[in-house]
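**Student:** Have a look at this one before I ask anything.
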Amino acid sequence: MEQPQLKRTFRGHKKTVTALAFNPNMKQLASGSEDGAVMVWNFKPSIRAFRFTGHTARVHDVSFAPNGKVLASGSKDKTIRLWEPKVNGKCHVIKAHSSSVRSVQISSDSQFLLSSSDDKSVKIWSVPKRRFCCSLLGHANWVRTASFDPSAVRVVSGGDDKLVKLWDVSRQICTDTLYDHDDTVTTSGFH
């Protein structure tokens, strides 16, 4: 069995890197940092990295749409930004959370954006229309993570209240709450 080998190093952030996401086309890697920047690293050494600025505080999470056309970032500055992962870095700003945005994820069909926040909410947005769809409320403390299932019919979330909640998106209700954790839930996902 071959040992892993370092292929390339990316340098450009001024502070700690806090989030990473691969573009599904496997030609780019996005990173978010405590410096407030989002960078898109191109795997071809001849193409320079794109540095996107706009967040005024640490970036907690980054997520590519499965179609690779949009990159979402969530920040301590209470905003979500939807970036075009190209050299011009056009972005759309979403301001609807009243506290840090901890996680962002785009659905498998690239139609919906999911965000979780320290304001104890999970929110869903239409990506093409750039519009708010609904809030999923029920956590008693900061929500650190939220994820769509592959069909975007259900959402799982978790946070500082030590709970994992399963949500029915169409009915906008919590269908199950799991109480098994002894500490903060920081990551969630579907198998």
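Each chain in the structure tokens gets a letter, A, B, ..., in the order shown, and its residues are numbered from 1; ligands are numbered from 1 in order too.
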Considering only C-alpha atoms, return as a list of chain:residue names whatever protein or nucleic-acid residues lie within 8 Å of stretch 75-91 of chain A, sequence-local ones (same chain, fewer than 6 positions apart) excluded.

**Tutor:** A:Gly36, A:Val40, A:Phe50, A:Phe52, A:His55, A:Thr56, A:Ala57, A:Arg58, A:Val59, A:His60, A:Asp61, A:Lys69, A:His97, A:Ser98, A:Ser99, A:Ser100, A:Val101, A:Arg102

**Student:** Hey, what's within 12 Å of A:Phe132 if we count only C-alpha atoms and toss same-chain stuff fewer than 2 positions away? As a PyMOL selection string, please?

**Tutor:** chain A and resi 80+94-97+112-115+122-130+134-135

**Student:** With only C-alpha atoms as the atoms that count, which of A:Thr18, A:Gly138, A:His191, A:Ser107 lies nearest to A:Gln172?

**Tutor:** A:Gly138

**Student:** Which residue out of A:Phe43, A:Tyr179, A:Phe190, A:Phe10 has the minimum interatomic distance to A:Ser151 when only C-alpha atoms are used?

**Tutor:** A:Phe190

**Student:** Out of A:Leu163, A:Val104, A:Val156, A:Leu71, which residue has the shortest atom-to-atom distance to A:His92 when counting only C-alpha atoms?

**Tutor:** A:Leu71

**Student:** Have a look at A:Val93, A:Val155, A:Asp161, A:Cys133 and name the one nearest to A:Asp176; count only C-alpha atoms.

**Tutor:**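 Comparing A:Val93, A:Val155, A:Asp161, A:Cys133 against A:Asp176, the winner is A:Val155.
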
**Student:** Would you please give, as number ranges by chain, all residues of stretch 51-144 of chain A that DSSP assigns to strand (DSSP E) based on the backbone?

**Tutor:** A: 51-52, 59-64, 71-75, 79-83, 91-95, 101-106, 112-117, 121-126, 131-137, 143-144

**Student:** Please provide the set of residues having any atom within 8 Å of A:Gly68, restricted to only C-alpha atoms, with same-chain residues fewer than 5 positions apart removed, written as a ChimeraX atom specification.

**Tutor:** /A:23-25

**Student:** Write the selection just made, keeping all heavy atoms, as a PDB file, in the first residue's frame?

**Tutor:**
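The result, written out as result.pdb:
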```
ATOM      1  N   ASN A  23     -14.942  21.577  -4.760  1.00  0.00           N
ATOM      2  CA  ASN A  23     -15.908  21.747  -5.839  1.00  0.00           C
ATOM      3  C   ASN A  23     -16.146  20.346  -6.399  1.00  0.00           C
ATOM      4  O   ASN A  23     -15.195  19.592  -6.608  1.00  0.00           O
ATOM      5  CB  ASN A  23     -15.347  22.673  -6.920  1.00  0.00           C
ATOM      6  CG  ASN A  23     -16.370  23.046  -7.966  1.00  0.00           C
ATOM      7  OD1 ASN A  23     -17.230  22.250  -8.345  1.00  0.00           O
ATOM      8  ND2 ASN A  23     -16.276  24.269  -8.459  1.00  0.00           N
ATOM      9  N   PRO A  24     -17.398  19.950  -6.638  1.00  0.00           N
ATOM     10  CA  PRO A  24     -17.660  18.612  -7.174  1.00  0.00           C
ATOM     11  C   PRO A  24     -16.941  18.311  -8.490  1.00  0.00           C
ATOM     12  O   PRO A  24     -16.718  17.158  -8.809  1.00  0.00           O
ATOM     13  CB  PRO A  24     -19.179  18.589  -7.362  1.00  0.00           C
ATOM     14  CG  PRO A  24     -19.683  19.543  -6.346  1.00  0.00           C
ATOM     15  CD  PRO A  24     -18.655  20.646  -6.303  1.00  0.00           C
ATOM     16  N   ASN A  25     -16.544  19.346  -9.242  1.00  0.00           N
ATOM     17  CA  ASN A  25     -15.791  19.110 -10.479  1.00  0.00           C
ATOM     18  C   ASN A  25     -14.347  18.706 -10.212  1.00  0.00           C
ATOM     19  O   ASN A  25     -13.602  18.368 -11.121  1.00  0.00           O
ATOM     20  CB  ASN A  25     -15.848  20.327 -11.408  1.00  0.00           C
ATOM     21  CG  ASN A  25     -15.089  21.537 -10.877  1.00  0.00           C
ATOM     22  OD1 ASN A  25     -14.254  21.456  -9.977  1.00  0.00           O
ATOM     23  ND2 ASN A  25     -15.379  22.691 -11.455  1.00  0.00           N
TER      24      ASN A  25
END
```

**Student:** Looking at A:Pro150, A:Ser117, A:Arg48, A:Ser108, which one is nearest to A:Ser63, with distances taken over only C-alpha atoms?

**Tutor:**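 Looking at the shortest contact to A:Ser63, the residue is A:Ser108.
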